[in-house]
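So the structure is just underneath, and the comments pick up after that.
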Amino acid sequence: MKKQLSEEQIHSLIDQAIGMLQYSYIPYSHFAVGAALLAKNGKVYTGCNIENAALTPTNCAERTAFFKAVSEGVKEFDAIAIVGGKNRKAEEFCTPCGVCRQVMMEWCNPDDFQIITGKADGEYQIHTLRQYLPDGFGPTDLQ
């Protein structure tokens with residue numbers, strides 16, 4: 001069942017994601033991304049994008065947050081806020097890449113998990129994982 005987040009929770013997640021922009025390691029794209037992942041237990045895991053000269057080893061903010069949570073034994077999530085932009089400014093909506101969407105499918109109910117894309121001016125959009133990945137492949141497909 002989809003948990004309804006309050007405006008305060010939504011803005012808190014966006015603010016935490018914005019706070020992560022300062023930690024982004026972006027010497028190549030100069031496009032910073034921050035994420036704040038809300039676990040069902042109420043804890044928030046944050047992440048930033050971390051680039052690599054070889055490109056393929058680059059890790060997105062969303063995956064950084066998920067991997068931090070999972071590495072601490074947490075595998076149930078309600079929502080993630082994602083922000084991004086050039087010059088570490090969240091001035092445009094930043095949606096998750098395909099790889100991040102697939103990672104979300106591993107631990108999130110696609111019909112309930114909320115993806116919040118936000119901007120520094122307070123504007124935001126909320127979509128479900130199913131909306132971003134309508135025919136996603138996940139663990140239940142292997143049962």
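Order determines the names: the first chain of the structure tokens is A, the second B, and so forth; residues in each chain are numbered 1 upward, and ligands are numbered 1 upward as they are shown.
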List the neighbours of segment 10-27 of chain A out to 7 Å using only C-alpha atoms; skip same-chain residues closer than 3 positions along the sequence, and give me the result as a CSV table (one decimal) with all heavy atoms, in the first residue's frame.
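Output contents, as saved in part.csv:
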chain,number,residue,atom,x,y,z
A,5,LEU,N,3.1,10.7,1.6
A,5,LEU,CA,4.1,11.5,2.3
A,5,LEU,C,3.5,12.9,2.5
A,5,LEU,O,2.8,13.4,1.6
A,5,LEU,CB,5.4,11.6,1.5
A,5,LEU,CG,6.1,10.4,1.2
A,5,LEU,CD1,7.3,10.6,0.3
A,5,LEU,CD2,6.6,9.7,2.5
A,6,SER,N,3.8,13.5,3.6
A,6,SER,CA,3.3,14.9,3.9
A,6,SER,C,4.2,15.9,3.1
A,6,SER,O,5.3,15.5,2.6
A,6,SER,CB,3.4,15.2,5.4
A,6,SER,OG,4.8,15.3,5.8
A,7,GLU,N,3.7,17.1,2.9
A,7,GLU,CA,4.5,18.1,2.3
A,7,GLU,C,5.8,18.3,3.0
A,7,GLU,O,6.9,18.5,2.4
A,7,GLU,CB,3.7,19.4,2.2
A,7,GLU,CG,2.6,19.5,1.2
A,7,GLU,CD,3.1,19.5,-0.2
A,7,GLU,OE1,4.0,20.3,-0.5
A,7,GLU,OE2,2.5,18.8,-1.1
A,30,HIS,N,30.3,17.8,-14.9
A,30,HIS,CA,30.0,19.1,-14.2
A,30,HIS,C,28.5,19.1,-13.9
A,30,HIS,O,27.9,20.2,-13.6
A,30,HIS,CB,30.4,20.3,-14.9
A,30,HIS,CG,31.9,20.3,-15.2
A,30,HIS,ND1,32.9,20.4,-14.3
A,30,HIS,CD2,32.5,20.1,-16.4
A,30,HIS,CE1,34.1,20.2,-14.9
A,30,HIS,NE2,33.9,20.1,-16.2
A,31,PHE,N,27.8,17.9,-13.8
A,31,PHE,CA,26.4,17.8,-13.6
A,31,PHE,C,26.3,17.0,-12.3
A,31,PHE,O,26.5,15.8,-12.2
A,31,PHE,CB,25.7,17.1,-14.7
A,31,PHE,CG,24.2,17.1,-14.6
A,31,PHE,CD1,23.5,18.1,-15.3
A,31,PHE,CD2,23.5,16.2,-13.8
A,31,PHE,CE1,22.1,18.2,-15.2
A,31,PHE,CE2,22.1,16.3,-13.7
A,31,PHE,CZ,21.4,17.3,-14.5
A,32,ALA,N,25.9,17.8,-11.2
A,32,ALA,CA,25.8,17.2,-9.9
A,32,ALA,C,24.4,16.6,-9.7
A,32,ALA,O,23.4,17.2,-10.1
A,32,ALA,CB,26.1,18.2,-8.8
A,33,VAL,N,24.3,15.5,-9.0
A,33,VAL,CA,23.0,14.8,-8.6
A,33,VAL,C,23.1,14.4,-7.2
A,33,VAL,O,24.1,13.9,-6.7
A,33,VAL,CB,22.8,13.6,-9.5
A,33,VAL,CG1,21.4,13.0,-9.1
A,33,VAL,CG2,22.8,14.0,-11.0
A,34,GLY,N,22.0,14.7,-6.5
A,34,GLY,CA,21.9,14.3,-5.1
A,34,GLY,C,20.6,13.5,-4.9
A,34,GLY,O,19.6,13.7,-5.6
A,35,ALA,N,20.6,12.6,-3.9
A,35,ALA,CA,19.5,11.8,-3.7
A,35,ALA,C,19.3,11.6,-2.2
A,35,ALA,O,20.2,11.5,-1.4
A,35,ALA,CB,19.6,10.4,-4.4
A,36,ALA,N,18.0,11.4,-1.8
A,36,ALA,CA,17.7,11.1,-0.4
A,36,ALA,C,16.6,10.0,-0.5
A,36,ALA,O,15.5,10.2,-1.0
A,36,ALA,CB,17.1,12.3,0.3
A,46,THR,N,21.4,9.0,2.1
A,46,THR,CA,21.7,10.0,1.0
A,46,THR,C,22.7,9.5,0.1
A,46,THR,O,23.5,8.5,0.4
A,46,THR,CB,22.1,11.3,1.7
A,46,THR,OG1,23.2,11.0,2.5
A,46,THR,CG2,21.0,11.9,2.5
A,47,GLY,N,22.8,10.1,-1.1
A,47,GLY,CA,23.8,9.7,-2.0
A,47,GLY,C,24.1,10.9,-3.0
A,47,GLY,O,23.3,11.8,-3.1
A,48,CYS,N,25.3,10.8,-3.6
A,48,CYS,CA,25.6,11.8,-4.7
A,48,CYS,C,26.2,11.0,-5.8
A,48,CYS,O,26.6,9.8,-5.6
A,48,CYS,CB,26.6,12.8,-4.1
A,48,CYS,SG,28.2,12.1,-3.6
A,49,ASN,N,26.3,11.6,-7.0
A,49,ASN,CA,27.0,10.9,-8.1
A,49,ASN,C,28.5,11.1,-7.9
A,49,ASN,O,29.0,12.0,-7.5
A,49,ASN,CB,26.5,11.4,-9.4
A,49,ASN,CG,26.6,12.9,-9.7
A,49,ASN,OD1,26.5,13.7,-8.8
A,49,ASN,ND2,26.9,13.3,-10.9
A,50,ILE,N,29.2,10.0,-8.4
A,50,ILE,CA,30.6,9.9,-8.3
A,50,ILE,C,31.1,9.4,-9.6
A,50,ILE,O,30.9,8.3,-10.0
A,50,ILE,CB,31.0,8.9,-7.2
A,50,ILE,CG1,30.4,9.3,-5.8
A,50,ILE,CG2,32.5,8.8,-7.0
A,50,ILE,CD1,30.4,8.2,-4.8
A,51,GLU,N,31.8,10.4,-10.3
A,51,GLU,CA,32.3,10.0,-11.7
A,51,GLU,C,33.6,9.4,-11.7
A,51,GLU,O,34.3,9.4,-10.6
A,51,GLU,CB,32.3,11.3,-12.5
A,51,GLU,CG,31.0,11.9,-12.8
A,51,GLU,CD,31.0,13.2,-13.6
A,51,GLU,OE1,32.1,13.7,-13.8
A,51,GLU,OE2,29.9,13.5,-14.1
A,81,ALA,N,14.0,11.1,-3.2
A,81,ALA,CA,14.0,12.4,-3.8
A,81,ALA,C,15.3,12.6,-4.6
A,81,ALA,O,16.4,12.2,-4.1
A,81,ALA,CB,13.9,13.5,-2.8
A,82,ILE,N,15.2,13.1,-5.8
A,82,ILE,CA,16.4,13.3,-6.7
A,82,ILE,C,16.4,14.7,-7.2
A,82,ILE,O,15.4,15.2,-7.6
A,82,ILE,CB,16.3,12.3,-7.9
A,82,ILE,CG1,16.1,10.9,-7.5
A,82,ILE,CG2,17.5,12.4,-8.8
A,82,ILE,CD1,15.6,9.9,-8.5
A,83,VAL,N,17.6,15.3,-7.1
A,83,VAL,CA,17.8,16.7,-7.6
A,83,VAL,C,19.1,16.7,-8.4
A,83,VAL,O,19.9,15.8,-8.2
A,83,VAL,CB,17.8,17.7,-6.5
A,83,VAL,CG1,16.5,17.7,-5.7
A,83,VAL,CG2,19.0,17.5,-5.6
A,88,ARG,N,26.2,22.5,-9.5
A,88,ARG,CA,25.6,22.1,-8.2
A,88,ARG,C,24.3,22.8,-7.9
A,88,ARG,O,24.0,23.1,-6.7
A,88,ARG,CB,26.7,22.3,-7.1
A,88,ARG,CG,27.9,21.5,-7.4
A,88,ARG,CD,29.0,21.6,-6.3
A,88,ARG,NE,30.2,21.1,-6.7
A,88,ARG,CZ,30.6,19.8,-6.7
A,88,ARG,NH1,29.7,18.9,-6.4
A,88,ARG,NH2,31.8,19.4,-7.1
A,90,ALA,N,20.2,22.9,-8.3
A,90,ALA,CA,19.0,22.0,-8.6
A,90,ALA,C,17.9,22.9,-9.3
A,90,ALA,O,17.0,23.3,-8.7
A,90,ALA,CB,18.4,21.4,-7.4
A,118,GLY,N,12.8,17.1,-7.7
A,118,GLY,CA,12.6,18.4,-7.2
A,118,GLY,C,13.6,19.4,-7.7
A,118,GLY,O,14.6,19.1,-8.3
Looking only at strand (DSSP E) from DSSP on the backbone, list the matching residues of segment 29-90 of chain A as a PyMOL selection string.
chain A and resi 31-39+44-48+77-86
Write out the residues from the selection above, keeping N, CA and C atoms, as a compact mmCIF listing (two decimals), in the first residue's frame.
# COMPACT_ATOMS: atom_id res chain seq x y z
N PHE A 31 27.84 17.93 -13.84
CA PHE A 31 26.41 17.81 -13.56
C PHE A 31 26.27 17.04 -12.25
N ALA A 32 25.92 17.77 -11.19
CA ALA A 32 25.79 17.17 -9.87
C ALA A 32 24.39 16.59 -9.67
N VAL A 33 24.33 15.46 -8.98
CA VAL A 33 23.05 14.84 -8.64
C VAL A 33 23.10 14.44 -7.17
N GLY A 34 22.03 14.72 -6.46
CA GLY A 34 21.89 14.31 -5.07
C GLY A 34 20.62 13.51 -4.89
N ALA A 35 20.62 12.59 -3.95
CA ALA A 35 19.45 11.76 -3.69
C ALA A 35 19.26 11.57 -2.19
N ALA A 36 18.01 11.42 -1.79
CA ALA A 36 17.66 11.10 -0.41
C ALA A 36 16.59 10.01 -0.46
N LEU A 37 16.95 8.85 0.04
CA LEU A 37 16.13 7.64 -0.02
C LEU A 37 15.46 7.39 1.32
N LEU A 38 14.15 7.34 1.34
CA LEU A 38 13.39 7.11 2.57
C LEU A 38 13.07 5.62 2.71
N ALA A 39 13.63 5.00 3.75
CA ALA A 39 13.35 3.60 4.03
C ALA A 39 12.02 3.50 4.79
N VAL A 44 16.65 7.89 6.51
CA VAL A 44 16.96 8.43 5.19
C VAL A 44 18.43 8.14 4.87
N TYR A 45 18.64 7.61 3.67
CA TYR A 45 19.98 7.33 3.16
C TYR A 45 20.23 8.29 2.00
N THR A 46 21.36 8.97 2.05
CA THR A 46 21.66 9.96 1.03
C THR A 46 22.74 9.46 0.09
N GLY A 47 22.81 10.10 -1.07
CA GLY A 47 23.84 9.75 -2.04
C GLY A 47 24.11 10.89 -2.99
N CYS A 48 25.26 10.83 -3.63
CA CYS A 48 25.63 11.78 -4.66
C CYS A 48 26.25 11.00 -5.81
N PHE A 77 11.69 0.26 1.04
CA PHE A 77 11.74 1.70 0.82
C PHE A 77 10.39 2.26 0.40
N ASP A 78 10.15 3.52 0.77
CA ASP A 78 8.92 4.22 0.40
C ASP A 78 9.10 5.21 -0.73
N ALA A 79 10.23 5.94 -0.73
CA ALA A 79 10.38 7.04 -1.69
C ALA A 79 11.84 7.45 -1.83
N ILE A 80 12.12 8.14 -2.92
CA ILE A 80 13.43 8.74 -3.11
C ILE A 80 13.23 10.12 -3.72
N ALA A 81 13.99 11.10 -3.24
CA ALA A 81 14.01 12.43 -3.84
C ALA A 81 15.31 12.55 -4.62
N ILE A 82 15.20 13.10 -5.83
CA ILE A 82 16.36 13.25 -6.71
C ILE A 82 16.39 14.69 -7.21
N VAL A 83 17.57 15.30 -7.11
CA VAL A 83 17.77 16.66 -7.63
C VAL A 83 19.07 16.67 -8.43
N GLY A 84 19.19 17.61 -9.32
CA GLY A 84 20.44 17.70 -10.07
C GLY A 84 20.53 18.92 -10.94
N GLY A 85 21.75 19.18 -11.38
CA GLY A 85 21.95 20.29 -12.30
C GLY A 85 23.40 20.70 -12.41
N LYS A 86 23.67 21.51 -13.41
CA LYS A 86 25.00 22.06 -13.61
C LYS A 86 25.34 23.01 -12.47
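By chain and then residue number, the residues within 10 Å of Pro96 of chain A are A:Val33, A:Ala35, A:Cys60, A:Ala61, A:Glu62, A:Arg63, A:Ile82, A:Val83, A:Cys94, A:Gly98, A:Val99, A:Cys100, A:Arg101, A:Gln102, A:Met104, A:Ile115, A:Thr117, A:Leu129, A:Tyr132, counting only C-alpha atoms and disregarding those fewer than 2 positions away in sequence.
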Write the residues of the selection above to a file with all heavy atoms, as a compact mmCIF listing (two decimals), in the first residue's frame.
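The resulting file, selection_33.txt, is reproduced below:
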# COMPACT_ATOMS: atom_id res chain seq x y z
N VAL A 33 24.33 15.46 -8.98
CA VAL A 33 23.05 14.84 -8.64
C VAL A 33 23.10 14.44 -7.17
O VAL A 33 24.10 13.89 -6.69
CB VAL A 33 22.75 13.60 -9.51
CG1 VAL A 33 21.40 12.99 -9.14
CG2 VAL A 33 22.78 13.96 -10.99
N ALA A 35 20.62 12.59 -3.95
CA ALA A 35 19.45 11.76 -3.69
C ALA A 35 19.26 11.57 -2.19
O ALA A 35 20.23 11.54 -1.43
CB ALA A 35 19.60 10.40 -4.37
N CYS A 60 25.76 6.59 -9.89
CA CYS A 60 24.73 7.63 -9.74
C CYS A 60 24.38 7.85 -8.27
O CYS A 60 24.58 6.98 -7.43
CB CYS A 60 23.48 7.22 -10.50
SG CYS A 60 23.71 7.05 -12.27
N ALA A 61 23.82 9.00 -7.99
CA ALA A 61 23.41 9.35 -6.63
C ALA A 61 22.38 8.36 -6.08
O ALA A 61 22.45 7.96 -4.91
CB ALA A 61 22.84 10.77 -6.60
N GLU A 62 21.44 7.96 -6.92
CA GLU A 62 20.39 7.06 -6.48
C GLU A 62 20.96 5.71 -6.06
O GLU A 62 20.62 5.17 -5.00
CB GLU A 62 19.36 6.83 -7.60
CG GLU A 62 18.70 8.10 -8.09
CD GLU A 62 19.42 8.74 -9.27
OE1 GLU A 62 20.64 8.98 -9.19
OE2 GLU A 62 18.75 9.02 -10.29
N ARG A 63 21.86 5.18 -6.89
CA ARG A 63 22.46 3.89 -6.55
C ARG A 63 23.35 4.02 -5.32
O ARG A 63 23.41 3.10 -4.50
CB ARG A 63 23.23 3.34 -7.74
CG ARG A 63 22.28 2.75 -8.77
CD ARG A 63 23.02 2.12 -9.92
NE ARG A 63 23.44 3.19 -10.83
CZ ARG A 63 24.56 3.18 -11.53
NH1 ARG A 63 25.41 2.18 -11.42
NH2 ARG A 63 24.84 4.17 -12.33
N ILE A 82 15.20 13.10 -5.83
CA ILE A 82 16.36 13.25 -6.71
C ILE A 82 16.39 14.69 -7.21
O ILE A 82 15.36 15.23 -7.65
CB ILE A 82 16.26 12.30 -7.92
CG1 ILE A 82 16.07 10.85 -7.45
CG2 ILE A 82 17.50 12.44 -8.80
CD1 ILE A 82 15.59 9.93 -8.55
N VAL A 83 17.57 15.30 -7.11
CA VAL A 83 17.77 16.66 -7.63
C VAL A 83 19.07 16.67 -8.43
O VAL A 83 19.93 15.82 -8.22
CB VAL A 83 17.83 17.72 -6.51
CG1 VAL A 83 16.54 17.74 -5.69
CG2 VAL A 83 19.03 17.48 -5.60
N CYS A 94 15.46 16.30 -12.55
CA CYS A 94 16.47 15.29 -12.87
C CYS A 94 15.85 13.92 -12.57
O CYS A 94 15.59 13.59 -11.42
CB CYS A 94 17.70 15.55 -12.00
SG CYS A 94 19.06 14.42 -12.31
N GLY A 98 18.20 4.72 -16.59
CA GLY A 98 17.67 3.37 -16.72
C GLY A 98 18.28 2.38 -15.75
O GLY A 98 17.59 1.51 -15.22
N VAL A 99 19.59 2.49 -15.51
CA VAL A 99 20.24 1.58 -14.58
C VAL A 99 19.69 1.78 -13.18
O VAL A 99 19.40 0.81 -12.46
CB VAL A 99 21.78 1.76 -14.61
CG1 VAL A 99 22.45 0.92 -13.54
CG2 VAL A 99 22.33 1.41 -15.99
N CYS A 100 19.50 3.02 -12.77
CA CYS A 100 18.95 3.29 -11.44
C CYS A 100 17.52 2.79 -11.32
O CYS A 100 17.12 2.26 -10.29
CB CYS A 100 19.03 4.78 -11.12
SG CYS A 100 20.71 5.33 -10.79
N ARG A 101 16.74 2.94 -12.38
CA ARG A 101 15.37 2.42 -12.36
C ARG A 101 15.38 0.91 -12.16
O ARG A 101 14.57 0.36 -11.42
CB ARG A 101 14.65 2.79 -13.66
CG ARG A 101 14.46 4.29 -13.82
CD ARG A 101 13.92 4.67 -15.18
NE ARG A 101 14.09 6.10 -15.40
CZ ARG A 101 13.41 6.80 -16.28
NH1 ARG A 101 12.51 6.21 -17.05
NH2 ARG A 101 13.63 8.09 -16.41
N GLN A 102 16.31 0.24 -12.83
CA GLN A 102 16.42 -1.21 -12.68
C GLN A 102 16.84 -1.58 -11.26
O GLN A 102 16.33 -2.54 -10.69
CB GLN A 102 17.41 -1.78 -13.70
CG GLN A 102 17.47 -3.30 -13.70
CD GLN A 102 16.13 -3.94 -14.00
OE1 GLN A 102 15.48 -3.62 -14.98
NE2 GLN A 102 15.70 -4.85 -13.14
N MET A 104 16.17 0.10 -8.58
CA MET A 104 14.98 0.31 -7.75
C MET A 104 14.03 -0.88 -7.83
O MET A 104 13.40 -1.25 -6.83
CB MET A 104 14.26 1.59 -8.19
CG MET A 104 15.03 2.85 -7.88
SD MET A 104 14.22 4.31 -8.58
CE MET A 104 15.51 5.53 -8.41
N ILE A 115 8.95 8.31 -6.66
CA ILE A 115 10.16 9.00 -7.11
C ILE A 115 9.82 10.48 -7.19
O ILE A 115 8.97 10.89 -7.99
CB ILE A 115 10.64 8.45 -8.46
CG1 ILE A 115 10.95 6.95 -8.33
CG2 ILE A 115 11.84 9.24 -8.95
CD1 ILE A 115 11.21 6.26 -9.64
N THR A 117 11.07 14.15 -7.99
CA THR A 117 12.09 14.97 -8.63
C THR A 117 11.80 16.40 -8.21
O THR A 117 10.67 16.87 -8.31
CB THR A 117 12.07 14.81 -10.17
OG1 THR A 117 10.76 15.07 -10.66
CG2 THR A 117 12.48 13.40 -10.56
N LEU A 129 7.52 4.25 -9.56
CA LEU A 129 8.52 3.53 -10.33
C LEU A 129 7.87 2.91 -11.57
O LEU A 129 8.46 2.90 -12.64
CB LEU A 129 9.19 2.47 -9.46
CG LEU A 129 10.23 1.57 -10.13
CD1 LEU A 129 11.32 2.38 -10.83
CD2 LEU A 129 10.82 0.62 -9.11
N TYR A 132 7.87 5.23 -14.45
CA TYR A 132 9.18 5.40 -15.08
C TYR A 132 9.68 4.13 -15.76
O TYR A 132 10.50 4.19 -16.66
CB TYR A 132 10.23 5.84 -14.05
CG TYR A 132 10.21 7.31 -13.76
CD1 TYR A 132 10.01 7.79 -12.48
CD2 TYR A 132 10.45 8.24 -14.77
CE1 TYR A 132 10.02 9.15 -12.21
CE2 TYR A 132 10.46 9.60 -14.51
CZ TYR A 132 10.25 10.05 -13.23
OH TYR A 132 10.26 11.39 -12.96
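Among the candidate residues A:Ile126, A:Cys108, A:Ala53, A:Val103, the one lying nearest to Lys75 of chain A is A:Cys108, with distances computed using only C-alpha atoms.
Close contacts of Met105 of chain A, defined as residues with an atom at most 10 Å away when counting only C-alpha atoms, with chain neighbours fewer than 6 positions off set aside, comprise Val99, Phe113, Leu129, Arg130, Leu133, Gly136, Phe137, Gly138, Pro139 and Thr140 of chain A.
Residue nearest Asn109 of chain A within the list A:Leu55, A:Glu123, A:Phe93, A:Lys40: A:Lys40 [criterion: smallest interatomic distance, only C-alpha atoms].
You can rank A:Ala65, A:Glu76, A:Glu92, A:Lys119 by their closest distance to Glu106 of chain A using only C-alpha atoms, and at the top of that list sits A:Glu76.
A straight line drawn from atom CA of Asp135 of chain A to atom CA of Phe67 of chain A is 23.1 Å long.
Counting from atom CA of Lys89 of chain A, the distance to atom CA of Gly42 of chain A is 26.9 Å.
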Filtered DSSP result for segment 19-95 of chain A, state alpha helix (DSSP H), as a VMD selection string:
chain A and resid 19 to 20 61 to 71
Point-to-point distance in Å for atom CA of Thr64 of chain A and atom CA of His127 of chain A
20.4 Å
